[in-house]
Structures are given as C-alpha cells and as structure tokens.
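Text of start.cif (mmCIF, C-alpha atoms) as supplied:
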data_upload
#
loop_
_atom_site.label_atom_id
_atom_site.label_comp_id
_atom_site.auth_asym_id
_atom_site.auth_seq_id
_atom_site.Cartn_x
_atom_site.Cartn_y
_atom_site.Cartn_z
CA MET A 1 0.00 0.00 0.00
CA THR A 2 1.52 3.31 -1.12
CA SER A 3 -1.08 5.73 0.24
CA SER A 4 -0.70 7.71 3.43
CA ARG A 5 -4.24 9.15 3.51
CA LEU A 6 -6.74 6.36 4.05
CA LEU A 7 -10.51 6.01 4.32
CA VAL A 8 -11.73 3.06 6.39
CA PRO A 9 -15.50 2.40 6.56
CA VAL A 10 -16.42 0.54 9.74
CA SER A 11 -19.31 -1.54 10.98
CA GLU A 12 -19.60 -4.11 13.74
CA SER A 13 -17.77 -7.28 12.67
CA PHE A 14 -15.53 -10.00 14.06
CA SER A 15 -12.65 -8.92 11.82
CA LEU A 16 -12.83 -5.18 12.57
CA ARG A 17 -10.17 -5.28 15.31
CA ASN A 18 -7.66 -6.95 13.00
CA THR A 19 -8.55 -4.54 10.20
CA VAL A 20 -7.78 -1.56 12.44
CA ALA A 21 -4.43 -3.10 13.39
CA TYR A 22 -3.60 -3.72 9.72
CA VAL A 23 -4.51 -0.20 8.62
CA VAL A 24 -2.54 1.42 11.44
CA GLN A 25 0.51 -0.71 10.66
CA GLN A 26 0.34 0.19 6.96
CA ALA A 27 -0.03 3.89 7.77
CA LEU A 28 2.95 3.76 10.14
CA GLU A 29 5.13 2.08 7.52
CA ARG A 30 4.12 4.67 4.93
CA ALA A 31 4.83 7.54 7.36
CA ARG A 32 8.32 6.16 8.04
CA GLU A 33 9.02 5.78 4.32
CA THR A 34 7.96 9.31 3.41
CA GLY A 35 9.07 11.04 6.59
CA SER A 36 5.69 12.76 6.88
CA SER A 37 2.61 12.00 8.92
CA ALA A 38 -0.18 9.73 7.65
CA THR A 39 -3.94 10.12 8.15
CA ILE A 40 -6.66 7.54 8.70
CA HIS A 41 -10.35 8.45 8.55
CA PHE A 42 -12.58 5.83 10.17
CA VAL A 43 -16.16 6.49 9.02
CA TYR A 44 -19.43 4.93 10.08
CA PRO A 45 -22.19 5.09 7.42
CA LEU A 46 -25.63 5.76 8.86
CA SER A 47 -28.41 3.81 7.14
CA GLU A 48 -31.04 6.27 8.35
CA ARG A 49 -31.49 9.93 7.56
CA LEU A 50 -31.14 12.25 10.54
CA THR A 51 -33.75 15.00 10.60
CA PHE A 52 -35.55 16.13 13.73
CA ASP A 53 -34.08 13.39 15.94
CA THR A 54 -30.29 13.45 16.00
CA GLU A 55 -29.84 11.02 18.90
CA THR A 56 -31.18 7.68 17.78
CA LYS A 57 -30.26 4.12 18.60
CA GLU A 58 -28.07 3.90 15.51
CA THR A 59 -26.20 7.12 16.26
CA LYS A 60 -25.44 5.82 19.75
CA THR A 61 -24.16 2.60 18.20
CA ALA A 62 -22.05 4.62 15.78
CA HIS A 63 -20.49 6.78 18.52
CA THR A 64 -19.72 3.70 20.62
CA LEU A 65 -18.09 1.84 17.75
CA LEU A 66 -16.07 4.84 16.57
CA ASP A 67 -14.81 5.46 20.12
CA ARG A 68 -13.77 1.83 20.34
CA VAL A 69 -11.96 2.03 16.99
CA ALA A 70 -10.12 5.17 18.12
CA VAL A 71 -8.97 3.41 21.29
CA TRP A 72 -7.75 0.41 19.28
CA ALA A 73 -5.85 2.68 16.89
CA GLU A 74 -4.19 4.52 19.77
CA GLU A 75 -3.15 1.21 21.32
CA ASP A 76 -1.62 0.06 18.04
CA LEU A 77 0.20 3.35 17.52
CA GLY A 78 1.81 3.26 20.95
CA ASP A 79 4.73 5.69 21.05
CA ASP A 80 4.24 6.59 17.37
CA ALA A 81 1.02 8.50 17.94
CA ASP A 82 2.48 11.65 16.33
CA ALA A 83 3.16 9.81 13.07
CA VAL A 84 -0.50 9.06 12.25
CA THR A 85 -3.56 11.29 12.62
CA ILE A 86 -6.78 9.45 13.47
CA GLU A 87 -10.17 10.90 12.51
CA THR A 88 -13.56 9.34 13.27
CA THR A 89 -16.94 10.51 11.99
CA MET A 90 -20.37 9.46 10.73
CA VAL A 91 -21.22 9.86 7.05
CA GLY A 92 -24.48 9.85 5.13
CA THR A 93 -26.37 11.59 7.92
CA ARG A 94 -28.53 13.65 5.55
CA GLU A 95 -29.60 10.93 3.15
CA TYR A 96 -30.89 7.38 3.14
CA LEU A 97 -28.37 4.69 2.31
CA PHE A 98 -30.01 1.67 0.77
CA SER A 99 -28.08 0.25 -2.19
CA PRO A 100 -24.33 -0.36 -2.68
CA ALA A 101 -24.33 2.63 -5.05
CA ASP A 102 -25.67 4.86 -2.25
CA TYR A 103 -22.89 3.80 0.12
CA ALA A 104 -20.23 4.07 -2.59
CA ASP A 105 -21.35 7.59 -3.48
CA VAL A 106 -21.07 8.72 0.14
CA PHE A 107 -17.62 7.16 0.61
CA VAL A 108 -16.20 8.52 -2.65
CA ARG A 109 -17.59 11.99 -1.97
CA TYR A 110 -16.11 12.00 1.53
CA ALA A 111 -12.73 10.79 0.23
CA ARG A 112 -12.58 13.54 -2.37
CA ASP A 113 -13.67 16.24 0.07
CA HIS A 114 -10.87 15.24 2.49
CA ASP A 115 -8.23 14.43 -0.14
CA LEU A 116 -8.03 10.74 0.79
CA GLU A 117 -6.15 8.53 -1.64
CA ARG A 118 -7.40 5.02 -0.92
CA ALA A 119 -10.23 3.17 0.81
CA VAL A 120 -9.47 0.12 2.94
CA PHE A 121 -12.40 -2.21 3.59
CA ASP A 122 -12.80 -4.62 6.46
CA PRO A 123 -13.68 -8.02 4.89
CA GLY A 124 -16.51 -8.28 7.41
CA PHE A 125 -17.89 -4.82 6.61
CA ASN A 126 -21.66 -5.11 6.26
CA PRO A 127 -23.69 -2.14 7.56
CA LEU A 128 -26.96 -3.74 6.43
CA GLY A 129 -26.48 -6.58 8.89
CA THR A 130 -27.85 -9.45 6.78
CA THR A 131 -27.59 -8.74 3.07
CA PRO A 132 -24.00 -9.16 1.76
CA LEU A 133 -22.88 -5.72 0.66
CA LEU A 134 -19.11 -5.75 0.26
CA PRO A 135 -18.56 -7.24 -3.26
CA PRO A 136 -21.03 -4.92 -5.07
CA LEU A 137 -19.90 -2.01 -2.91
CA GLU A 138 -16.26 -2.53 -3.88
CA ALA A 139 -17.28 -2.69 -7.54
CA GLU A 140 -19.17 0.61 -7.22
CA VAL A 141 -16.23 2.30 -5.47
CA ARG A 142 -13.82 1.16 -8.18
CA ARG A 143 -16.23 2.34 -10.86
CA ALA A 144 -16.25 5.77 -9.21
CA GLY A 145 -12.48 5.96 -9.55
CA LEU A 146 -11.32 5.51 -5.94
CA ASP A 147 -8.49 3.06 -5.23
CA LEU A 148 -9.37 0.44 -2.65
CA THR A 149 -7.86 -2.44 -0.75
CA GLU A 150 -9.54 -5.18 1.24
CA ALA A 151 -7.68 -5.78 4.49
CA PRO A 152 -5.98 -9.21 4.34
CA VAL A 153 -7.42 -10.43 7.63
CA GLN A 154 -9.42 -13.55 8.26
CA ARG A 155 -13.17 -13.20 8.21
CA GLU A 156 -15.43 -15.43 10.26
CA ARG A 157 -17.62 -17.58 8.05
CA ARG A 158 -21.09 -17.92 9.35
CA SER A 159 -24.27 -19.17 7.70
CA PRO A 160 -27.41 -17.58 9.11
CA LEU A 161 -30.05 -20.03 10.25
CA LEU A 162 -33.35 -19.95 8.43
CA VAL A 163 -35.08 -21.67 11.31
CA LYS A 164 -34.64 -20.22 14.77
CA ARG A 165 -35.63 -21.61 18.14
CA GLY A 166 -39.18 -20.56 18.97
CA THR A 167 -40.94 -20.09 22.27
CA VAL A 168 -44.23 -21.53 23.52
CA ALA A 169 -45.80 -18.07 23.25
CA GLN A 170 -44.76 -17.88 19.59
CA PHE A 171 -46.24 -21.31 18.92
CA PHE A 172 -49.61 -20.49 20.45
CA SER A 173 -49.67 -17.08 18.76
CA LEU A 174 -49.16 -18.65 15.35
CA PHE A 175 -51.70 -21.38 16.17
CA SER A 176 -54.30 -18.81 17.25
CA VAL A 177 -53.87 -16.64 14.15
CA SER A 178 -54.05 -19.68 11.84
CA TYR A 179 -57.08 -21.08 13.65
CA PHE A 180 -58.96 -17.78 13.53
CA PHE A 181 -58.15 -17.31 9.83
CA TYR A 182 -59.34 -20.84 9.04
CA LEU A 183 -62.68 -20.29 10.79
CA LEU A 184 -63.03 -16.91 9.09
CA LEU A 185 -62.64 -18.51 5.67
CA ALA A 186 -64.94 -21.39 6.61
CA GLY A 187 -67.65 -19.01 7.76
CA SER A 188 -68.88 -21.52 10.29
CA VAL A 189 -68.16 -22.78 13.81
CA ALA A 190 -69.71 -26.19 13.32
CA PRO A 191 -67.93 -29.11 15.06
CA PHE A 192 -66.39 -30.26 11.77
CA GLU A 193 -64.85 -26.84 11.08
CA LEU A 194 -63.65 -26.52 14.66
CA ALA A 195 -61.92 -29.90 14.49
CA THR A 196 -60.36 -29.48 11.03
CA GLY A 197 -59.37 -25.92 11.88
CA ALA A 198 -57.54 -27.07 14.99
CA ILE A 199 -55.71 -29.77 13.01
CA THR A 200 -54.77 -27.34 10.23
CA ALA A 201 -53.63 -24.63 12.65
CA SER A 202 -51.51 -27.18 14.54
CA ILE A 203 -49.79 -28.27 11.33
CA VAL A 204 -49.11 -24.64 10.36
CA ALA A 205 -47.81 -23.76 13.83
CA VAL A 206 -45.50 -26.79 13.98
CA SER A 207 -44.19 -26.25 10.44
CA LEU A 208 -43.61 -22.49 10.65
CA TRP A 209 -42.94 -22.10 14.37
CA GLY A 210 -39.32 -21.01 13.96
CA VAL A 211 -39.72 -19.31 10.58
CA SER A 212 -42.73 -16.98 10.58
CA LEU A 213 -42.16 -15.42 13.99
CA THR A 214 -38.61 -14.10 14.22
CA THR A 215 -39.05 -11.96 17.33
CA PRO A 216 -40.33 -12.87 20.80
CA VAL A 217 -44.04 -12.48 21.44
CA HIS A 218 -44.90 -10.42 24.53
CA PRO A 219 -48.53 -11.19 25.44
CA ILE A 220 -49.12 -8.01 27.45
CA ARG A 221 -47.56 -5.75 24.83
CA THR A 222 -49.39 -7.53 22.01
CA THR A 223 -52.71 -7.18 23.86
CA LYS A 224 -52.11 -3.45 24.25
CA HIS A 225 -51.30 -3.13 20.54
CA LEU A 226 -54.47 -4.98 19.57
CA GLY A 227 -56.56 -2.85 21.92
CA ARG A 228 -55.16 0.38 20.52
CA PHE A 229 -55.55 -0.96 16.98
CA ALA A 230 -59.24 -1.58 17.70
CA LEU A 231 -59.52 2.15 18.43
CA TYR A 232 -57.50 3.03 15.34
CA VAL A 233 -59.76 1.20 12.85
CA PRO A 234 -62.87 3.38 13.37
CA TYR A 235 -60.66 6.49 13.38
CA LEU A 236 -59.16 5.45 10.03
CA LEU A 237 -62.64 4.71 8.62
CA TRP A 238 -63.75 8.20 9.70
CA GLN A 239 -60.74 9.78 7.96
CA ILE A 240 -61.51 7.77 4.81
CA ALA A 241 -65.17 8.89 4.90
CA LYS A 242 -64.21 12.56 5.29
CA ALA A 243 -61.67 12.33 2.46
CA ASN A 244 -64.27 10.67 0.22
CA VAL A 245 -66.66 13.56 0.75
CA GLU A 246 -63.91 16.09 0.00
CA ILE A 247 -62.81 14.32 -3.19
CA ALA A 248 -66.42 13.99 -4.31
CA ARG A 249 -66.86 17.74 -3.82
CA VAL A 250 -63.73 18.46 -5.88
CA VAL A 251 -64.78 16.10 -8.69
CA LEU A 252 -68.30 17.55 -8.88
CA HIS A 253 -67.10 21.15 -8.75
CA PRO A 254 -67.40 22.88 -12.16
CA ASP A 255 -63.81 24.18 -12.00
CA LEU A 256 -62.36 20.86 -10.84
CA PRO A 257 -60.02 22.55 -8.29
CA ILE A 258 -57.29 19.92 -8.13
CA ASP A 259 -53.63 20.66 -7.47
CA PRO A 260 -51.70 17.38 -7.87
CA LYS A 261 -48.23 17.40 -6.37
CA MET A 262 -45.61 14.94 -5.09
CA VAL A 263 -44.45 15.64 -1.54
CA GLU A 264 -41.84 14.06 0.72
CA PHE A 265 -41.50 13.91 4.48
CA ASP A 266 -39.79 11.87 7.19
CA ALA A 267 -42.29 10.05 9.38
CA ALA A 268 -41.66 9.61 13.10
CA VAL A 269 -42.33 5.86 12.97
CA TRP A 270 -39.77 3.09 13.25
CA SER A 271 -39.56 -0.58 12.21
CA ALA A 272 -41.31 -2.26 9.31
CA LEU A 273 -44.83 -2.83 10.66
CA PRO A 274 -45.56 0.76 11.79
CA VAL A 275 -44.12 2.15 8.54
CA THR A 276 -46.23 -0.28 6.49
CA THR A 277 -49.34 0.57 8.49
CA LEU A 278 -48.87 4.30 7.92
CA ALA A 279 -48.10 3.85 4.21
CA ASN A 280 -51.23 1.75 3.67
CA SER A 281 -53.37 4.13 5.72
CA ILE A 282 -52.24 7.06 3.57
CA THR A 283 -53.06 5.12 0.41
CA LEU A 284 -56.49 4.06 1.70
CA THR A 285 -57.38 7.71 2.32
CA PRO A 286 -58.71 9.24 -0.94
CA GLY A 287 -56.64 12.11 -2.22
CA THR A 288 -53.28 10.70 -1.11
CA LEU A 289 -51.23 7.81 -2.48
CA THR A 290 -47.99 6.46 -1.04
CA VAL A 291 -45.64 6.19 -4.01
CA ASP A 292 -42.41 5.17 -2.29
CA VAL A 293 -41.10 4.46 1.19
CA SER A 294 -37.40 4.27 2.00
CA ARG A 295 -37.12 3.40 5.67
CA ARG A 296 -38.89 6.39 7.24
CA HIS A 297 -38.82 8.67 4.20
CA PHE A 298 -42.22 8.85 2.47
CA THR A 299 -42.96 10.03 -1.05
CA VAL A 300 -46.69 10.70 -1.42
CA HIS A 301 -48.83 11.90 -4.32
CA THR A 302 -51.46 14.40 -3.17
CA LEU A 303 -54.43 15.41 -5.30
CA THR A 304 -55.45 18.64 -3.56
CA GLY A 305 -54.01 21.26 -1.27
CA SER A 306 -56.33 20.19 1.55
CA SER A 307 -55.12 16.59 1.32
CA ARG A 308 -51.53 17.87 1.62
CA ASP A 309 -52.46 19.96 4.64
CA ASP A 310 -54.06 16.93 6.29
CA LEU A 311 -50.99 14.83 5.51
CA PHE A 312 -48.52 17.31 6.99
CA ASP A 313 -50.82 17.92 9.94
CA GLY A 314 -49.80 14.40 10.92
CA SER A 315 -53.12 13.08 12.26
CA LEU A 316 -52.66 9.62 10.71
CA GLU A 317 -49.02 9.52 11.76
CA ARG A 318 -49.96 10.33 15.35
CA ALA A 319 -52.64 7.64 15.32
CA VAL A 320 -50.18 5.01 14.07
CA ARG A 321 -47.65 6.02 16.74
CA PHE A 322 -50.41 5.67 19.33
CA VAL A 323 -51.09 2.10 18.17
CA PHE A 324 -47.49 0.92 18.29
CA TYR A 325 -45.80 3.16 20.87
CA GLY A 326 -48.52 4.42 23.17
CA LEU A 327 -50.02 7.77 24.09
CA ALA A 328 -46.70 9.50 24.86
CA ALA A 329 -45.40 8.92 21.32
CA ALA A 330 -48.56 10.50 19.87
CA ARG A 331 -47.39 13.84 21.21
CA ILE A 332 -44.32 13.97 18.96
CA PRO A 333 -44.51 17.06 16.69
CA SER A 334 -46.24 16.69 13.33
CA PRO A 335 -44.28 16.67 10.03
CA ILE A 336 -44.97 20.37 9.42
CA GLU A 337 -43.86 21.24 12.98
CA ARG A 338 -40.67 19.21 12.56
CA ARG A 339 -39.95 20.89 9.23
CA LYS A 340 -40.38 24.36 10.75
CA LYS A 341 -38.04 23.36 13.58
CA GLU A 342 -35.40 22.25 11.07
CA GLU A 343 -35.72 25.50 9.12
CA ASP A 344 -35.43 27.58 12.27
CA SER A 345 -32.36 25.68 13.45
CA SER A 346 -30.64 26.04 10.06
#

Would you mind writing the file's structure down as structure tokens?
Amino acid sequence: MTSSRLLVPVSESFSLRNTVAYVVQQALERARETGSSATIHFVYPLSERLTFDTETKETKTAHTLLDRVAVWAEEDLGDDADAVTIETTMVGTREYLFSPADYADVFVRYARDHDLERAVFDPGFNPLGTTPLLPPLEAEVRRAGLDLTEAPVQRERRSPLLVKRGTVAQFFSLFSVSYFFYLLLAGSVAPFELATGAITASIVAVSLWGVSLTTPVHPIRTTKHLGRFALYVPYLLWQIAKANVEIARVVLHPDLPIDPKMVEFDAAVWSALPVTTLANSITLTPGTLTVDVSRRHFTVHTLTGSSRDDLFDGSLERAVRFVFYGLAAARIPSPIERRKKEEDSS
C-alpha cells in the first residue's frame, strides 16, 4: 500500500479489530518511508437519515463503535502517535443509504472532500447486517475511480439459520392466528370446522414455528397493541369517509379545483410494521397515495391542497404512533412542525 491518507468504513464485525491493526501498521510504515505524517479516517455510514431526531439508537451505536476504533488505533500506535492522525466521523447523515451505489457515493464523496487517496475495507464490513454488501460495494467504489484495498485479515464464516428456536408463546400465537383465519374462511363454527381448523392450525404452527415469527411475542404488549388498533380502525374509517366527501366535492365542482403534487416527508415511525401501516393508511385515504417508502422517508402523491395539509398535519401519523408506541409517542410534533423546527435551526 503506497497511500498515506486512508478512508476506512467501519461496521460491527468480528474482523474489525484486525482490520484496524492492519490499517494502522500500513499507515505507520508509509509515514516512516515518506518522513511525513499519515492520516486515517474511520467512518461509520448511517443507514437512516437524521432529521428532527439526531440522537437515535443507531447514532449511539455509531459513537460507541467509533470510540472503540479510536482506542484500538491509539493502542496500536503506541509511542508513534504523532506519526498518524486518526479521525472518526459518521457519514451519510442527511440521506438514506439503501443500495451499494448509495454507500459508494457517500464514501467517494467524503474521500474527495478530504483528499483521501485510498479506501481500505474490512472483509466483514456489512452495515446492512444481513444482506451481503461488500462485493457490489467494492465494484461501485472502483467504478467511481477511488483506489481500494480489502484488508488481508481472516473473516469469520457464518451461515445464518433460516429456522430459529421458537418459544411456547410464539407457537400459540401462530396457532391462534391460523385457527382464527381458518374459521373466518370457513364461515362456520360447526364441530367439523372446529376440528379441522384445529388440526390445520396445529400443522401450520408446527411447520412455521421457527420461521414466521422471528421476534419474541410479549402477550401483554401484544394485547395493548391490539386494543389500541381496535380504536384506530374506526378512526381510520372516519378519515376515509371525510376524504371521500372532499374528493367527491372536488370532482363535482365545475372548476375541478385539483392541485396534484408529489411531496416528501420523514415520518416519526420506526420498524417495518408501523411504517407499512402508515403507508397503507395514507393510500387508503382518498386524495393521497404512497408512491415510495425508504425506511422512514415517504414520497406521497397528493391530489389537492387540503389533502396535503391533512398529511402534513400528521393526524394519521400520530394515530399510528399511538397504536405501536402508546399515548406519549402520539405527542411527537407533526411533520410540518418538525420541518419548521429544522428550518429555524438552520
């Protein structure tokens, strides 16, 4: 390696410690050869876009990991600390990182902005956690014109299990859902349907016990969610009815006062199920259509100005937060309030 200014993307991995040691050693050797100091930038790519909330679970993870990497680098430098400058930072904090091209663009841009000559990748680098990212990412970085090296350290080979150990609560939850769905389709609670439904639900629960339910089932929490969801359904139906009346008025108006426009906003909901619930609720409400969702970033087509106002007012978003996070989360500012706060702070 002939570069003395290095970019090192980091994520939690079993080979990260050895990668840090390798990079520090290479930088030290280069500094001794040239007689000038070397620089290493350890960067953590955020896979979420920071907007109104700058202290999330992922940012805490990033700070912890970067602090640990800095300590490791200082240990490896020892008495040669003056020969190598260590920098740590988060990148991609104002955009969503989804594909290898997204990550590559952030890394290459950062390298050019800081005059870094080469990127060194940990062979276990995988910020997405499950989907292998490194081979296509390296190809994208090379295509962008940045030199790169993969640290020659051993990577742990692990094959993720498709089937995971389930709990009794997960088994009975899957059985109950399957049994209820069977009786719903049968449209009867006759003894024959009750018996065949129980047999079918048992087979489904035994077969998919460790596949369908990947997270623990908490009976109390699930009961609360279902209770709040029961309150949410009539509220959503009321919103749909009101929107239907408004759209009917617009369609029947002689001037057809529509104002179609695509809008974007970051929703204050987290994890797949709440995001999906909000996206579907927006689509079910006439006048708005969810076009794209990237993590918490929504792209919505709105037909009228009033539908946009209702969307940014955040009533549906608050209701979804109430279902999944409780009453306290419903008090989080609406999208328009968060946007005003961002504008005022900038």

Practice item. Name every residue that the PyMOL selection byres ((chain A and resi 148) around 10) selects in this structure, writing the answer as a ChimeraX atom specification with chains first and numbers rising. Key: /A:1,6-8,117-121,138-139,141-142,145-147,149-151

**Study point:** Counting only C-alpha atoms, the option among A:Leu194, A:Ala81, A:Ala201, A:Ala319 closest to Pro234 (chain A)
**Key:** A:Ala319

Exercise for review: Compare A:Phe42, A:Phe229, A:Phe192, A:Phe181 by their minimum atom-to-atom distance to Thr85 (chain A), counting all atoms listed in the file, and give me the closest one.
Suggested key: A:Phe42

Review point. Quick one: distance from CA of Val269 (chain A) to CA of Ala62 (chain A) in Å, one decimal?
Key: 20.5 Å

Review point. Within 10 Å of Ser294 (chain A), counting all atoms listed in the file, which residues qualify if same-chain residues fewer than 3 places away don't, as a PyMOL selection string?
Key: chain A and resi 48-49+96-98+266+275+297-299

**Study point:** d(CA of Ala73 (chain A), CA of Ala144 (chain A)) in Å
**Key:**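 Calculated distance between CA of Ala73 (chain A) and CA of Ala144 (chain A) is 28.3 Å.
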
Let me have the centre and edge lengths in Å, one decimal, of the box along x, y and z around every listed atom of region 184-189 of chain A with 8 Å of margin on each side, as lines of an AutoDock Vina configuration file.
center_x = -65.8
center_y = -19.8
center_z = 9.7
size_x = 22.2
size_y = 21.9
size_z = 24.1

Check your understanding: Between A:Asp115, A:Glu12, A:Asp313, A:Asp76, which is the closest to Thr64 (chain A) once you count all atoms listed in the file?
Key -> A:Glu12

Point to revise | Target residues per the PyMOL selection byres ((chain A and resi 233) around 12), formatted as a list in words | key: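 Taken over the shown coordinates, the PyMOL selection byres ((chain A and resi 233) around 12) returns Leu226, Gly227, Arg228, Phe229, Ala230, Leu231, Tyr232, Pro234, Tyr235, Leu236, Leu237, Trp238, Gln239, Ile240, Thr277, Ser281, Leu284, Leu316, Ala319, Val320 and Val323 of chain A.
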
Exercise for review: Find the spatial neighbours of Ala268 (chain A), counting all atoms listed in the file, within a cut-off of 8 Å - ignore same-chain residues fewer than 3 positions away - and output them as a list in words.
Suggested key: Arg296, Glu317, Arg321 and Ile332 of chain A

Exercise for review: Pick out the closest residue to Val153 (chain A) from this set: A:Ser13, A:Thr302, A:Ser307, A:Asn18. Count all atoms listed in the file.
Suggested key: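 Among A:Ser13, A:Thr302, A:Ser307, A:Asn18, it is A:Asn18 that comes nearest to Val153 (chain A).
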
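If all atoms listed in the file are the atoms counted, then among A:Ile247, A:Leu311, A:Ala111, A:Leu303 the closest residue to Ala267 (chain A) is A:Leu311.
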
Near Val69 (chain A), within 9 Å and counting only C-alpha atoms, which residues show up once chain neighbours fewer than 2 positions away are dropped, as a PDB file with C-alpha atoms, keeping the file's coordinate frame?
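Saved result, selection09.pdb, follows:
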ATOM      1  CA  VAL A  10     -16.420   0.540   9.740  1.00  0.00           C
ATOM      2  CA  LEU A  16     -12.830  -5.180  12.570  1.00  0.00           C
ATOM      3  CA  ARG A  17     -10.170  -5.280  15.310  1.00  0.00           C
ATOM      4  CA  VAL A  20      -7.780  -1.560  12.440  1.00  0.00           C
ATOM      5  CA  PHE A  42     -12.580   5.830  10.170  1.00  0.00           C
ATOM      6  CA  THR A  64     -19.720   3.700  20.620  1.00  0.00           C
ATOM      7  CA  LEU A  65     -18.090   1.840  17.750  1.00  0.00           C
ATOM      8  CA  LEU A  66     -16.070   4.840  16.570  1.00  0.00           C
ATOM      9  CA  ASP A  67     -14.810   5.460  20.120  1.00  0.00           C
ATOM     10  CA  VAL A  71      -8.970   3.410  21.290  1.00  0.00           C
ATOM     11  CA  TRP A  72      -7.750   0.410  19.280  1.00  0.00           C
ATOM     12  CA  ALA A  73      -5.850   2.680  16.890  1.00  0.00           C
ATOM     13  CA  GLU A  74      -4.190   4.520  19.770  1.00  0.00           C
ATOM     14  CA  THR A  88     -13.560   9.340  13.270  1.00  0.00           C
TER      15      THR A  88
END
